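*Asks:* See final-v6.cif below, with mmCIF, C-alpha atoms.
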data_coords
loop_
_atom_site.group_PDB
_atom_site.id
_atom_site.type_symbol
_atom_site.label_atom_id
_atom_site.label_comp_id
_atom_site.auth_asym_id
_atom_site.auth_seq_id
_atom_site.Cartn_x
_atom_site.Cartn_y
_atom_site.Cartn_z
ATOM 1 C CA MET A 1 -29.757 -31.924 99.593
ATOM 2 C CA ARG A 2 -32.721 -33.013 101.699
ATOM 3 C CA LEU A 3 -30.539 -35.440 103.632
ATOM 4 C CA VAL A 4 -27.990 -32.688 104.308
ATOM 5 C CA TRP A 5 -30.729 -30.517 105.785
ATOM 6 C CA LEU A 6 -32.154 -33.409 107.789
ATOM 7 C CA ILE A 7 -28.812 -34.213 109.398
ATOM 8 C CA ALA A 8 -28.121 -30.546 110.175
ATOM 9 C CA ILE A 9 -31.557 -29.971 111.712
ATOM 10 C CA LEU A 10 -31.527 -33.187 113.731
ATOM 11 C CA ALA A 11 -28.066 -32.428 115.134
ATOM 12 C CA ALA A 12 -29.163 -28.911 116.102
ATOM 13 C CA VAL A 13 -32.361 -30.100 117.776
ATOM 14 C CA VAL A 14 -30.790 -32.965 119.719
ATOM 15 C CA LEU A 15 -27.804 -30.934 120.919
ATOM 16 C CA ALA A 16 -30.098 -28.078 121.970
ATOM 17 C CA LEU A 17 -32.350 -30.514 123.838
ATOM 18 C CA HIS A 18 -29.384 -32.121 125.584
ATOM 19 C CA TYR A 19 -28.127 -28.736 126.743
ATOM 20 C CA GLY A 20 -31.532 -27.307 127.613
ATOM 21 C CA VAL A 21 -32.735 -30.317 129.581
ATOM 22 C CA ASN A 22 -29.625 -30.449 131.746
ATOM 23 C CA VAL A 23 -29.706 -26.708 132.390
ATOM 24 C CA ALA A 24 -33.389 -26.998 133.342
ATOM 25 C CA ARG A 25 -32.446 -29.738 135.816
ATOM 26 C CA GLY A 26 -30.183 -27.340 137.644
ATOM 27 C CA ASP A 27 -26.843 -27.396 135.839
ATOM 28 C CA GLY A 28 -25.384 -23.944 135.344
ATOM 29 C CA VAL A 29 -25.400 -22.469 131.852
ATOM 30 C CA PHE A 30 -21.613 -22.386 131.598
ATOM 31 C CA ASP A 31 -21.065 -25.499 133.714
ATOM 32 C CA GLU A 32 -23.216 -27.569 131.363
ATOM 33 C CA ALA A 33 -21.402 -26.268 128.293
ATOM 34 C CA TRP A 34 -18.079 -27.181 129.919
ATOM 35 C CA GLN A 35 -19.353 -30.638 130.847
ATOM 36 C CA MET A 36 -20.656 -31.284 127.335
ATOM 37 C CA ALA A 37 -17.275 -30.297 125.918
ATOM 38 C CA LYS A 38 -15.571 -33.319 127.465
ATOM 39 C CA PHE A 39 -17.556 -35.917 125.522
ATOM 40 C CA PHE A 40 -16.374 -37.235 122.158
ATOM 41 C CA THR A 41 -20.029 -37.807 121.240
ATOM 42 C CA ILE A 42 -20.984 -34.175 121.782
ATOM 43 C CA LEU A 43 -17.914 -32.720 120.090
ATOM 44 C CA THR A 44 -18.349 -34.986 117.068
ATOM 45 C CA ASN A 45 -22.037 -34.113 116.758
ATOM 46 C CA CYS A 46 -21.078 -30.437 116.958
ATOM 47 C CA GLY A 47 -18.697 -31.005 114.049
ATOM 48 C CA ILE A 48 -21.502 -32.644 112.091
ATOM 49 C CA LEU A 49 -23.806 -29.735 112.907
ATOM 50 C CA VAL A 50 -21.285 -27.138 111.702
ATOM 51 C CA ASP A 51 -20.289 -28.898 108.476
ATOM 52 C CA PHE A 52 -23.786 -29.934 107.451
ATOM 53 C CA THR A 53 -25.337 -26.572 108.318
ATOM 54 C CA ARG A 54 -22.738 -24.783 106.201
ATOM 55 C CA ALA A 55 -23.323 -27.201 103.336
ATOM 56 C CA ALA A 56 -27.112 -26.910 103.596
ATOM 57 C CA LEU A 57 -27.029 -23.108 103.597
ATOM 58 C CA ALA A 58 -24.632 -23.124 100.632
ATOM 59 C CA GLY A 59 -26.792 -25.603 98.725
ATOM 60 C CA ARG A 60 -24.038 -28.177 98.341
ATOM 61 C CA LEU A 61 -22.956 -31.569 99.611
ATOM 62 C CA VAL A 62 -20.336 -32.040 102.309
ATOM 63 C CA GLY A 63 -17.026 -32.965 100.695
ATOM 64 C CA PRO A 64 -16.065 -36.655 100.718
ATOM 65 C CA ASN A 65 -13.032 -36.236 102.972
ATOM 66 C CA ALA A 66 -14.964 -34.372 105.684
ATOM 67 C CA ALA A 67 -17.980 -36.652 105.262
ATOM 68 C CA GLY A 68 -15.820 -39.746 105.597
ATOM 69 C CA ALA A 69 -14.099 -38.465 108.726
ATOM 70 C CA LEU A 70 -17.358 -37.437 110.400
ATOM 71 C CA THR A 71 -19.033 -40.708 109.462
ATOM 72 C CA LEU A 72 -16.135 -42.662 110.951
ATOM 73 C CA PHE A 73 -16.178 -40.694 114.194
ATOM 74 C CA ILE A 74 -19.932 -40.949 114.698
ATOM 75 C CA ALA A 75 -19.973 -44.633 113.695
ATOM 76 C CA VAL A 76 -17.462 -45.376 116.474
ATOM 77 C CA VAL A 77 -19.656 -43.346 118.831
ATOM 78 C CA ALA A 78 -22.595 -45.617 117.965
ATOM 79 C CA LEU A 79 -20.571 -48.815 118.302
ATOM 80 C CA VAL A 80 -19.093 -47.900 121.683
ATOM 81 C CA TYR A 81 -22.392 -46.590 123.021
ATOM 82 C CA HIS A 82 -24.482 -49.581 122.026
ATOM 83 C CA GLY A 83 -21.719 -52.024 122.893
ATOM 84 C CA PHE A 84 -20.663 -50.661 126.288
ATOM 85 C CA LEU A 85 -22.447 -47.518 127.454
ATOM 86 C CA TYR A 86 -26.176 -47.875 126.756
ATOM 87 C CA GLN A 87 -28.113 -46.695 129.803
ATOM 88 C CA GLY A 88 -31.386 -48.487 129.095
ATOM 89 C CA PHE A 89 -33.488 -45.320 129.236
ATOM 90 C CA SER A 90 -37.239 -45.786 128.946
ATOM 91 C CA PRO A 91 -38.841 -44.484 125.712
ATOM 92 C CA VAL A 92 -41.147 -42.309 127.830
ATOM 93 C CA THR A 93 -38.263 -40.146 129.053
ATOM 94 C CA ILE A 94 -36.650 -37.290 127.123
ATOM 95 C CA ASP A 95 -33.239 -38.850 127.849
ATOM 96 C CA PHE A 96 -34.164 -41.801 125.638
ATOM 97 C CA TRP A 97 -34.828 -39.578 122.633
ATOM 98 C CA ILE A 98 -31.775 -37.410 123.210
ATOM 99 C CA ASP A 99 -29.472 -40.400 123.647
ATOM 100 C CA HIS A 100 -30.742 -42.212 120.578
ATOM 101 C CA GLY A 101 -30.690 -39.018 118.562
ATOM 102 C CA LEU A 102 -27.004 -38.558 119.337
ATOM 103 C CA HIS A 103 -25.938 -42.208 119.289
ATOM 104 C CA THR A 104 -28.339 -43.925 116.870
ATOM 105 C CA ALA A 105 -30.278 -41.650 114.507
ATOM 106 C CA ILE A 106 -27.471 -39.299 113.517
ATOM 107 C CA PRO A 107 -24.934 -42.141 113.048
ATOM 108 C CA ALA A 108 -27.453 -44.039 110.884
ATOM 109 C CA LEU A 109 -28.153 -40.970 108.734
ATOM 110 C CA MET A 110 -24.439 -40.257 108.388
ATOM 111 C CA ILE A 111 -23.774 -43.786 107.163
ATOM 112 C CA VAL A 112 -26.604 -43.457 104.631
ATOM 113 C CA TYR A 113 -25.160 -40.129 103.505
ATOM 114 C CA TRP A 114 -21.651 -41.544 103.225
ATOM 115 C CA ILE A 115 -22.688 -44.563 101.185
ATOM 116 C CA THR A 116 -25.187 -42.881 98.863
ATOM 117 C CA LEU A 117 -24.023 -39.284 98.395
ATOM 118 C CA ALA A 118 -20.287 -39.119 99.133
ATOM 119 C CA ASP A 119 -17.716 -40.202 96.557
ATOM 120 C CA ALA A 120 -14.739 -42.045 98.027
ATOM 121 C CA ARG A 121 -12.892 -42.573 94.768
ATOM 122 C CA THR A 122 -10.387 -39.885 95.799
ATOM 123 C CA ILE A 123 -10.172 -41.166 99.381
ATOM 124 C CA GLY A 124 -7.596 -43.756 100.410
ATOM 125 C CA VAL A 125 -5.200 -44.873 103.121
ATOM 126 C CA ARG A 126 -3.632 -41.413 103.383
ATOM 127 C CA GLU A 127 -6.972 -39.811 104.205
ATOM 128 C CA ALA A 128 -7.898 -42.634 106.582
ATOM 129 C CA THR A 129 -4.609 -42.052 108.386
ATOM 130 C CA LEU A 130 -5.237 -38.309 108.650
ATOM 131 C CA TRP A 131 -8.687 -39.025 110.073
ATOM 132 C CA MET A 132 -6.874 -40.381 113.138
ATOM 133 C CA VAL A 133 -5.742 -36.885 114.128
ATOM 134 C CA TRP A 134 -9.054 -35.991 115.776
ATOM 135 C CA PRO A 135 -9.476 -39.174 117.893
ATOM 136 C CA LEU A 136 -5.851 -39.008 119.041
ATOM 137 C CA SER A 137 -6.127 -35.287 119.814
ATOM 138 C CA TYR A 138 -9.291 -35.954 121.785
ATOM 139 C CA LEU A 139 -7.575 -38.755 123.680
ATOM 140 C CA LEU A 140 -4.759 -36.434 124.750
ATOM 141 C CA TYR A 141 -7.245 -33.707 125.680
ATOM 142 C CA VAL A 142 -9.498 -35.928 127.764
ATOM 143 C CA LEU A 143 -6.619 -37.617 129.607
ATOM 144 C CA VAL A 144 -5.090 -34.268 130.532
ATOM 145 C CA ARG A 145 -8.455 -32.842 131.512
ATOM 146 C CA GLY A 146 -9.338 -35.970 133.473
ATOM 147 C CA SER A 147 -6.075 -35.898 135.406
ATOM 148 C CA ILE A 148 -6.795 -32.294 136.394
ATOM 149 C CA GLU A 149 -10.488 -32.715 137.238
ATOM 150 C CA GLY A 150 -10.237 -36.214 138.700
ATOM 151 C CA SER A 151 -12.974 -37.674 136.483
ATOM 152 C CA TYR A 152 -13.125 -39.134 132.981
ATOM 153 C CA PRO A 153 -16.076 -39.119 130.568
ATOM 154 C CA TYR A 154 -15.639 -42.786 129.599
ATOM 155 C CA PHE A 155 -14.863 -45.585 132.043
ATOM 156 C CA PHE A 156 -12.346 -47.264 129.708
ATOM 157 C CA LEU A 157 -10.175 -44.124 129.802
ATOM 158 C CA ASP A 158 -10.255 -43.790 133.590
ATOM 159 C CA ILE A 159 -6.602 -43.926 134.651
ATOM 160 C CA ASP A 160 -7.494 -43.652 138.332
ATOM 161 C CA ARG A 161 -9.622 -46.800 138.056
ATOM 162 C CA PHE A 162 -7.630 -48.985 135.677
ATOM 163 C CA GLY A 163 -4.117 -47.532 135.681
ATOM 164 C CA ILE A 164 -2.064 -46.176 132.817
ATOM 165 C CA GLY A 165 -1.211 -49.634 131.444
ATOM 166 C CA ARG A 166 -4.795 -50.772 130.927
ATOM 167 C CA VAL A 167 -5.873 -47.390 129.577
ATOM 168 C CA THR A 168 -2.980 -47.491 127.105
ATOM 169 C CA ILE A 169 -4.185 -50.887 125.866
ATOM 170 C CA ASN A 170 -7.747 -49.559 125.584
ATOM 171 C CA ALA A 171 -6.493 -46.549 123.630
ATOM 172 C CA LEU A 172 -4.549 -48.790 121.248
ATOM 173 C CA LEU A 173 -7.610 -50.981 120.681
ATOM 174 C CA LEU A 174 -9.692 -47.890 119.937
ATOM 175 C CA THR A 175 -7.033 -46.664 117.526
ATOM 176 C CA VAL A 176 -7.155 -49.965 115.654
ATOM 177 C CA LEU A 177 -10.973 -49.763 115.627
ATOM 178 C CA PHE A 178 -10.935 -46.249 114.195
ATOM 179 C CA PHE A 179 -8.404 -47.023 111.486
ATOM 180 C CA GLY A 180 -9.900 -50.361 110.515
ATOM 181 C CA LEU A 181 -13.423 -48.989 110.380
ATOM 182 C CA GLY A 182 -12.209 -46.021 108.341
ATOM 183 C CA LEU A 183 -10.798 -48.364 105.716
ATOM 184 C CA GLY A 184 -13.999 -50.384 105.849
ATOM 185 C CA LEU A 185 -16.144 -47.317 105.208
ATOM 186 C CA ILE A 186 -14.014 -46.383 102.205
ATOM 187 C CA TRP A 187 -14.388 -49.889 100.798
ATOM 188 C CA LEU A 188 -18.139 -49.863 101.434
ATOM 189 C CA ASN A 189 -18.554 -46.557 99.619
ATOM 190 C CA ARG A 190 -16.589 -47.747 96.602
ATOM 191 C CA LEU A 191 -18.532 -51.006 96.506
ATOM 192 C CA TRP A 192 -21.820 -49.077 96.453
ATOM 193 C CA ARG A 193 -20.547 -46.744 93.717
ATOM 194 C CA ARG A 194 -19.614 -49.635 91.482
ATOM 195 C CA ARG A 195 -23.217 -50.830 91.672
ATOM 196 C CA GLN A 196 -25.028 -47.492 91.454
ATOM 197 C CA PRO A 197 -25.216 -44.570 89.000
ATOM 198 C CA PRO A 198 -23.559 -41.302 90.155
ATOM 199 C CA ALA A 199 -25.561 -39.538 92.894
ATOM 200 C CA GLN A 200 -27.431 -36.427 91.810
ATOM 201 C CA GLU A 201 -28.183 -33.434 94.001
ATOM 202 C CA VAL A 202 -31.923 -32.927 94.524
#
Would it be possible to restate this file's structure as structure tokens?

*Replies:*
Amino acid sequence: MRLVWLIAILAAVVLALHYGVNVARGDGVFDEAWQMAKFFTILTNCGILVDFTRAALAGRLVGPNAAGALTLFIAVVALVYHGFLYQGFSPVTIDFWIDHGLHTAIPALMIVYWITLADARTIGVREATLWMVWPLSYLLYVLVRGSIEGSYPYFFLDIDRFGIGRVTINALLLTVLFFGLGLGLIWLNRLWRRRQPPAQEV
């Protein structure tokens, strides 16, 4: 249970810092909330915060299906961020700690949670397929919102810059990444379970 609490607290602190810092820099209270709501990273971390806070308060673990989905989503966040979006913030700035909280620390803790405390024996291709609902829903949401506002949160989804053809290819590649990584996480969990005794709540 300590890891459940740690993930919940870290998500709450980092999200609050992200919001508070930007508001302090002059962004409006509601404008900042609206801006945050367009990022897959923020929305996924909010999902982690809600599920892990509820589990922590109830004194239980997050169920394997929800844990697997959230781990997949945040793992893709980490891969895309470190592979394409890293800003190179200096460790002396608050942005460094916020960015690595959202994109590095929480993903790492989620992967540890998934491997050591979740049980994927009841999770298979069906669940991995259903996990695709959130990324695809987000894709539709952000493309519609971007076409209305004239800006996109991620450069590889920018239709105005790359055109619908290239963005479609990027979306398909991301879909393959999500599904393939989801299957990989299930395999990794099962491999760990074959080598370890059943996890006990502490």

*Asks:* Have a look at A:Leu6, A:Leu49, A:Leu17, A:Leu181 and name the one nearest to A:Trp97; count only C-alpha atoms.

*Replies:* A:Leu17

*Asks:* Which neighbours of stretch 146-163 of chain A fall inside 8 Å, counting all atoms listed in the file, when residues of the same chain fewer than 5 positions from it are skipped, and could you give them as a PyMOL selection string?

*Replies:* chain A and resi 38-39+170-171

*Asks:* Figure out the distance between atom CA of A:Cys46 and atom CA of A:Ile94, please, to one decimal in Å.

*Replies:*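 For atom CA of A:Ile94 relative to atom CA of A:Cys46, the distance reads 19.8 Å.
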
*Asks:* In Å, how far is it from atom CA of A:Ala8 to atom CA of A:Arg195?

*Replies:*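 Computed distance, atom CA of A:Ala8 to atom CA of A:Arg195, equals 27.9 Å.
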
*Asks:* From the set A:Ala55, A:Ile42, A:Ala33, A:Leu61, which residue has the shortest atom-to-atom contact distance to A:Thr116, counting only C-alpha atoms?

*Replies:* A:Leu61

*Asks:* Stretch 127-144 of chain A, all listed atoms, 3 Å padding on each side: what axis-aligned box centre and edge lengths in Å to one decimal come out, as lines of an AutoDock Vina configuration file?

*Replies:*
center_x = -7.1
center_y = -38.2
center_z = 117.4
size_x = 10.9
size_y = 14.9
size_z = 32.3

*Asks:* I need the residue nearest A:Ala66 from this list: A:Tyr138, A:Phe179, A:Tyr86, A:Trp131. Use all atoms listed in the file for the distance.

*Replies:* A:Trp131

*Asks:* One number please: atom CA of A:Ile106 to atom CA of A:Gly184, in Å, one decimal.

*Replies:*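 Atom CA of A:Ile106 sits 19.1 Å away from atom CA of A:Gly184.
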
*Asks:* Decode the PyMOL selection byres ((chain A and resi 115) around 12) for the given file into explicit residues and return them as a PDB file with C-alpha atoms, keeping the file's coordinate frame.

*Replies:*
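File produced: expr_22.pdb:
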ATOM      1  CA  PRO A  64     -16.065 -36.655 100.718  1.00  0.00           C
ATOM      2  CA  ALA A  67     -17.980 -36.652 105.262  1.00  0.00           C
ATOM      3  CA  GLY A  68     -15.820 -39.746 105.597  1.00  0.00           C
ATOM      4  CA  THR A  71     -19.033 -40.708 109.462  1.00  0.00           C
ATOM      5  CA  LEU A  72     -16.135 -42.662 110.951  1.00  0.00           C
ATOM      6  CA  ALA A 108     -27.453 -44.039 110.884  1.00  0.00           C
ATOM      7  CA  LEU A 109     -28.153 -40.970 108.734  1.00  0.00           C
ATOM      8  CA  MET A 110     -24.439 -40.257 108.388  1.00  0.00           C
ATOM      9  CA  ILE A 111     -23.774 -43.786 107.163  1.00  0.00           C
ATOM     10  CA  VAL A 112     -26.604 -43.457 104.631  1.00  0.00           C
ATOM     11  CA  TYR A 113     -25.160 -40.129 103.505  1.00  0.00           C
ATOM     12  CA  TRP A 114     -21.651 -41.544 103.225  1.00  0.00           C
ATOM     13  CA  THR A 116     -25.187 -42.881  98.863  1.00  0.00           C
ATOM     14  CA  LEU A 117     -24.023 -39.284  98.395  1.00  0.00           C
ATOM     15  CA  ALA A 118     -20.287 -39.119  99.133  1.00  0.00           C
ATOM     16  CA  ASP A 119     -17.716 -40.202  96.557  1.00  0.00           C
ATOM     17  CA  ALA A 120     -14.739 -42.045  98.027  1.00  0.00           C
ATOM     18  CA  ARG A 121     -12.892 -42.573  94.768  1.00  0.00           C
ATOM     19  CA  GLY A 184     -13.999 -50.384 105.849  1.00  0.00           C
ATOM     20  CA  LEU A 185     -16.144 -47.317 105.208  1.00  0.00           C
ATOM     21  CA  ILE A 186     -14.014 -46.383 102.205  1.00  0.00           C
ATOM     22  CA  TRP A 187     -14.388 -49.889 100.798  1.00  0.00           C
ATOM     23  CA  LEU A 188     -18.139 -49.863 101.434  1.00  0.00           C
ATOM     24  CA  ASN A 189     -18.554 -46.557  99.619  1.00  0.00           C
ATOM     25  CA  ARG A 190     -16.589 -47.747  96.602  1.00  0.00           C
ATOM     26  CA  LEU A 191     -18.532 -51.006  96.506  1.00  0.00           C
ATOM     27  CA  TRP A 192     -21.820 -49.077  96.453  1.00  0.00           C
ATOM     28  CA  ARG A 193     -20.547 -46.744  93.717  1.00  0.00           C
ATOM     29  CA  ARG A 194     -19.614 -49.635  91.482  1.00  0.00           C
ATOM     30  CA  ARG A 195     -23.217 -50.830  91.672  1.00  0.00           C
ATOM     31  CA  GLN A 196     -25.028 -47.492  91.454  1.00  0.00           C
ATOM     32  CA  PRO A 198     -23.559 -41.302  90.155  1.00  0.00           C
ATOM     33  CA  ALA A 199     -25.561 -39.538  92.894  1.00  0.00           C
TER      34      ALA A 199
END

*Asks:* Name the residues that the PyMOL selection byres ((chain A and resi 53) around 12) pulls out of this structure, and write them as a PyMOL selection string.

*Replies:* chain A and resi 1-12+45-52+54-62

*Asks:* May I ask which of the residues A:Leu70, A:Leu15, A:Val125, A:Leu173 is the closest one to A:His100, counting all atoms listed in the file?

*Replies:*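 Selected residue with least distance to A:His100: A:Leu15.
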
*Asks:* For each of A:Thr168, A:Ala78, A:Met36, A:Gly182, take the minimum atom-to-atom distance to A:Leu130, counting only C-alpha atoms, then give the residue where this is smallest.

*Replies:* A:Gly182

*Asks:* Restricting the calculation to only C-alpha atoms, which member of A:Leu79, A:Thr129, A:Val142, A:Ile164 is positioned closest to A:Gly180?

*Replies:* A:Thr129

*Asks:* Using the atoms already present, construct N, CA, C and O atoms for stretch 133-147 of chain A and hand them back as a PDB file, in the frame of the given file.

*Replies:*
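Saved file selection-v9.pdb follows:
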ATOM      1  N   VAL A 133      -6.204 -38.051 113.371  1.00  0.00           N
ATOM      2  CA  VAL A 133      -5.742 -36.885 114.128  1.00  0.00           C
ATOM      3  C   VAL A 133      -6.757 -36.469 115.191  1.00  0.00           C
ATOM      4  O   VAL A 133      -6.401 -36.186 116.332  1.00  0.00           O
ATOM      5  N   TRP A 134      -8.051 -36.433 114.819  1.00  0.00           N
ATOM      6  CA  TRP A 134      -9.054 -35.991 115.776  1.00  0.00           C
ATOM      7  C   TRP A 134      -9.206 -36.973 116.958  1.00  0.00           C
ATOM      8  O   TRP A 134      -9.147 -36.532 118.118  1.00  0.00           O
ATOM      9  N   PRO A 135      -9.372 -38.272 116.737  1.00  0.00           N
ATOM     10  CA  PRO A 135      -9.476 -39.174 117.893  1.00  0.00           C
ATOM     11  C   PRO A 135      -8.255 -39.124 118.805  1.00  0.00           C
ATOM     12  O   PRO A 135      -8.396 -39.145 120.035  1.00  0.00           O
ATOM     13  N   LEU A 136      -7.058 -39.048 118.223  1.00  0.00           N
ATOM     14  CA  LEU A 136      -5.851 -39.008 119.041  1.00  0.00           C
ATOM     15  C   LEU A 136      -5.730 -37.684 119.787  1.00  0.00           C
ATOM     16  O   LEU A 136      -5.286 -37.650 120.948  1.00  0.00           O
ATOM     17  N   SER A 137      -6.133 -36.593 119.142  1.00  0.00           N
ATOM     18  CA  SER A 137      -6.127 -35.287 119.814  1.00  0.00           C
ATOM     19  C   SER A 137      -7.120 -35.284 120.967  1.00  0.00           C
ATOM     20  O   SER A 137      -6.837 -34.758 122.054  1.00  0.00           O
ATOM     21  N   TYR A 138      -8.291 -35.868 120.726  1.00  0.00           N
ATOM     22  CA  TYR A 138      -9.291 -35.954 121.785  1.00  0.00           C
ATOM     23  C   TYR A 138      -8.770 -36.784 122.948  1.00  0.00           C
ATOM     24  O   TYR A 138      -8.965 -36.434 124.119  1.00  0.00           O
ATOM     25  N   LEU A 139      -8.116 -37.886 122.637  1.00  0.00           N
ATOM     26  CA  LEU A 139      -7.575 -38.755 123.680  1.00  0.00           C
ATOM     27  C   LEU A 139      -6.611 -37.982 124.580  1.00  0.00           C
ATOM     28  O   LEU A 139      -6.701 -38.053 125.811  1.00  0.00           O
ATOM     29  N   LEU A 140      -5.705 -37.234 123.976  1.00  0.00           N
ATOM     30  CA  LEU A 140      -4.759 -36.434 124.750  1.00  0.00           C
ATOM     31  C   LEU A 140      -5.499 -35.410 125.600  1.00  0.00           C
ATOM     32  O   LEU A 140      -5.224 -35.243 126.796  1.00  0.00           O
ATOM     33  N   TYR A 141      -6.460 -34.731 124.981  1.00  0.00           N
ATOM     34  CA  TYR A 141      -7.245 -33.707 125.680  1.00  0.00           C
ATOM     35  C   TYR A 141      -7.979 -34.279 126.885  1.00  0.00           C
ATOM     36  O   TYR A 141      -7.931 -33.724 127.993  1.00  0.00           O
ATOM     37  N   VAL A 142      -8.656 -35.398 126.694  1.00  0.00           N
ATOM     38  CA  VAL A 142      -9.498 -35.928 127.764  1.00  0.00           C
ATOM     39  C   VAL A 142      -8.646 -36.539 128.887  1.00  0.00           C
ATOM     40  O   VAL A 142      -9.041 -36.489 130.059  1.00  0.00           O
ATOM     41  N   LEU A 143      -7.487 -37.085 128.558  1.00  0.00           N
ATOM     42  CA  LEU A 143      -6.619 -37.617 129.607  1.00  0.00           C
ATOM     43  C   LEU A 143      -6.013 -36.496 130.446  1.00  0.00           C
ATOM     44  O   LEU A 143      -5.925 -36.614 131.681  1.00  0.00           O
ATOM     45  N   VAL A 144      -5.620 -35.421 129.789  1.00  0.00           N
ATOM     46  CA  VAL A 144      -5.090 -34.268 130.532  1.00  0.00           C
ATOM     47  C   VAL A 144      -6.190 -33.642 131.374  1.00  0.00           C
ATOM     48  O   VAL A 144      -6.007 -33.364 132.569  1.00  0.00           O
ATOM     49  N   ARG A 145      -7.340 -33.433 130.768  1.00  0.00           N
ATOM     50  CA  ARG A 145      -8.455 -32.842 131.512  1.00  0.00           C
ATOM     51  C   ARG A 145      -8.878 -33.745 132.670  1.00  0.00           C
ATOM     52  O   ARG A 145      -9.148 -33.267 133.771  1.00  0.00           O
ATOM     53  N   GLY A 146      -8.942 -35.044 132.428  1.00  0.00           N
ATOM     54  CA  GLY A 146      -9.338 -35.970 133.473  1.00  0.00           C
ATOM     55  C   GLY A 146      -8.359 -35.982 134.634  1.00  0.00           C
ATOM     56  O   GLY A 146      -8.770 -36.081 135.800  1.00  0.00           O
ATOM     57  N   SER A 147      -7.072 -35.903 134.332  1.00  0.00           N
ATOM     58  CA  SER A 147      -6.075 -35.898 135.406  1.00  0.00           C
ATOM     59  C   SER A 147      -6.183 -34.642 136.258  1.00  0.00           C
ATOM     60  O   SER A 147      -5.876 -34.668 137.456  1.00  0.00           O
TER      61      SER A 147
END
